[in-house]
file protein-v8.cif (mmCIF, C-alpha atoms)
data_structure
#
loop_
_atom_site.label_atom_id
_atom_site.label_comp_id
_atom_site.auth_asym_id
_atom_site.auth_seq_id
_atom_site.Cartn_x
_atom_site.Cartn_y
_atom_site.Cartn_z
CA PHE A 90 7.55 0.19 1.44
CA GLU A 91 6.03 -1.54 4.46
CA ARG A 92 8.66 -4.29 4.48
CA ALA A 93 11.47 -1.75 4.22
CA ARG A 94 9.93 0.33 7.02
CA LEU A 95 9.78 -2.63 9.41
CA ILE A 96 13.23 -3.95 8.49
CA ALA A 97 14.70 -0.48 9.10
CA ALA A 98 13.02 -0.56 12.53
CA GLY A 99 14.68 -3.93 13.28
CA LYS A 100 11.38 -5.84 12.95
CA GLU A 101 12.32 -8.44 10.33
CA ARG A 102 9.89 -11.03 11.75
CA LEU A 103 6.99 -8.61 11.34
CA ALA A 104 8.18 -7.67 7.86
CA ALA A 105 7.97 -11.35 6.89
CA LYS A 106 4.31 -11.45 8.02
CA ILE A 107 3.16 -8.65 5.69
CA GLU A 108 0.39 -9.93 3.46
CA HIS A 109 -0.95 -8.81 0.09
CA ALA A 110 -4.52 -9.12 1.39
CA SER A 111 -6.27 -8.21 -1.83
CA ARG A 112 -4.66 -11.29 -3.41
CA SER A 113 -5.04 -13.72 -0.50
CA GLN A 114 -8.43 -12.52 0.83
CA GLY A 115 -9.95 -10.88 -2.23
CA ASP A 116 -10.96 -7.28 -2.81
CA GLY A 117 -13.65 -7.28 -0.11
CA ALA A 118 -11.25 -6.69 2.79
CA GLY A 119 -11.25 -2.94 2.18
CA PHE A 120 -7.44 -2.74 2.01
CA ASP A 121 -4.66 -4.17 -0.15
CA ILE A 122 -1.75 -4.65 2.25
CA LEU A 123 -1.89 -6.04 5.79
CA SER A 124 1.06 -4.62 7.72
CA PHE A 125 2.05 -4.05 11.33
CA ASP A 126 3.33 -1.30 13.56
CA ALA A 127 6.47 -1.75 15.64
CA THR A 128 4.49 -3.33 18.51
CA GLY A 129 3.05 -6.02 16.23
CA ALA A 130 -0.45 -4.54 16.05
CA GLU A 131 -2.13 -4.55 12.65
CA ARG A 132 -1.60 -1.31 10.80
CA LEU A 133 -4.91 -0.65 8.95
CA PHE A 134 -5.85 2.71 7.56
CA GLY A 135 -9.48 3.75 8.01
CA PHE A 136 -9.98 5.22 4.55
CA GLN A 137 -13.74 4.58 4.62
CA VAL A 138 -14.09 6.38 7.96
CA GLU A 139 -11.33 8.97 7.70
CA PRO A 140 -10.12 9.35 4.10
CA ARG A 141 -6.86 11.19 3.51
CA LEU A 142 -5.17 12.39 0.36
CA PHE A 143 -2.12 14.34 -0.64
CA ALA A 144 -0.98 16.44 -3.56
CA LEU A 145 2.20 16.02 -5.55
CA ALA A 146 3.79 19.18 -6.90
CA GLY A 147 4.80 19.42 -10.53
CA PRO A 148 4.34 16.96 -13.38
CA LEU A 149 3.50 13.38 -12.38
CA SER A 150 6.43 12.12 -14.44
CA THR A 151 8.83 13.73 -11.94
CA THR A 152 7.23 12.28 -8.79
CA CYS A 153 5.75 8.96 -9.99
CA ARG A 154 6.69 5.97 -12.10
CA LEU A 155 4.13 5.89 -14.88
CA SER A 156 3.20 2.79 -16.87
CA ALA A 157 0.22 2.23 -19.13
CA SER A 158 -2.22 -0.38 -17.88
CA SER A 159 -4.75 -0.18 -20.70
CA TYR A 160 -5.13 1.30 -24.13
CA LEU A 161 -8.10 2.67 -26.03
CA ALA A 162 -8.20 2.68 -29.82
CA THR A 163 -10.87 4.38 -31.89
CA VAL A 164 -11.37 4.50 -35.62
CA ALA A 165 -10.26 7.88 -36.97
#

call {"tool": "encode", "arguments": {"input": "protein-v8.cif", "output": "structure tokens"}}
result
Amino acid sequence: FERARLIAAGKERLAAKIEHASRSQGDGAGFDILSFDATGAERLFGFQVEPRLFALAGPLSTTCRLSASSYLATVA
């Protein structure tokens, strides 16, 4: 999403600098994706200071792509 947003704004060079920080820096950074605004400033969301959330209307299967990431099996 971040790459597409910057490319649509004509900022291909900034889009190329986007980093998957949780992979390159580890989970301790407090964010997963390092992106930029149109001026080149880092675009970090202050979730620890100012958390935000949103609600999706209707069943999740209509608004999200769902895929299982783990399974639990118990003896019946």

call {"tool": "atom_distance", "arguments": {"input": "protein-v8.cif", "atom1": "CA of Gly117 (chain A)", "atom2": "CA of Leu133 (chain A)"}}
result
14.2 Å

call {"tool": "resolve_selection", "arguments": {"input": "protein-v8.cif", "expression": "the PyMOL selection byres ((chain A and resi 104) around 8)", "output": "list in words"}}
result
Glu91, Arg92, Ala93, Leu95, Ile96, Lys100, Glu101, Arg102, Leu103, Ala105, Lys106, Ile107, Ser124 and Phe125 of chain A

call {"tool": "atom_distance", "arguments": {"input": "protein-v8.cif", "atom1": "CA of Cys153 (chain A)", "atom2": "CA of Arg94 (chain A)"}}
result
19.5 Å

call {"tool": "atom_distance", "arguments": {"input": "protein-v8.cif", "atom1": "CA of Ser111 (chain A)", "atom2": "CA of Ser158 (chain A)"}}
result
18.3 Å

call {"tool": "axis_aligned_box", "arguments": {"input": "protein-v8.cif", "around": "region 142-159 of chain A", "padding_each_side": "8 Å", "output": "lines of an AutoDock Vina configuration file"}}
result
center_x = 1.8
center_y = 9.5
center_z = -10.2
size_x = 30.0
size_y = 35.8
size_z = 37.1

call {"tool": "residues_around", "arguments": {"input": "protein-v8.cif", "residues": "Ala110 (chain A)", "least_positions_apart": "5", "cutoff": "12 Å", "atoms": "all atoms listed in the file", "output": "list in words"}}
result
Gly115, Asp116, Gly117, Ala118, Gly119, Phe120, Asp121, Ile122, Leu123, Ser124 and Leu133 of chain A
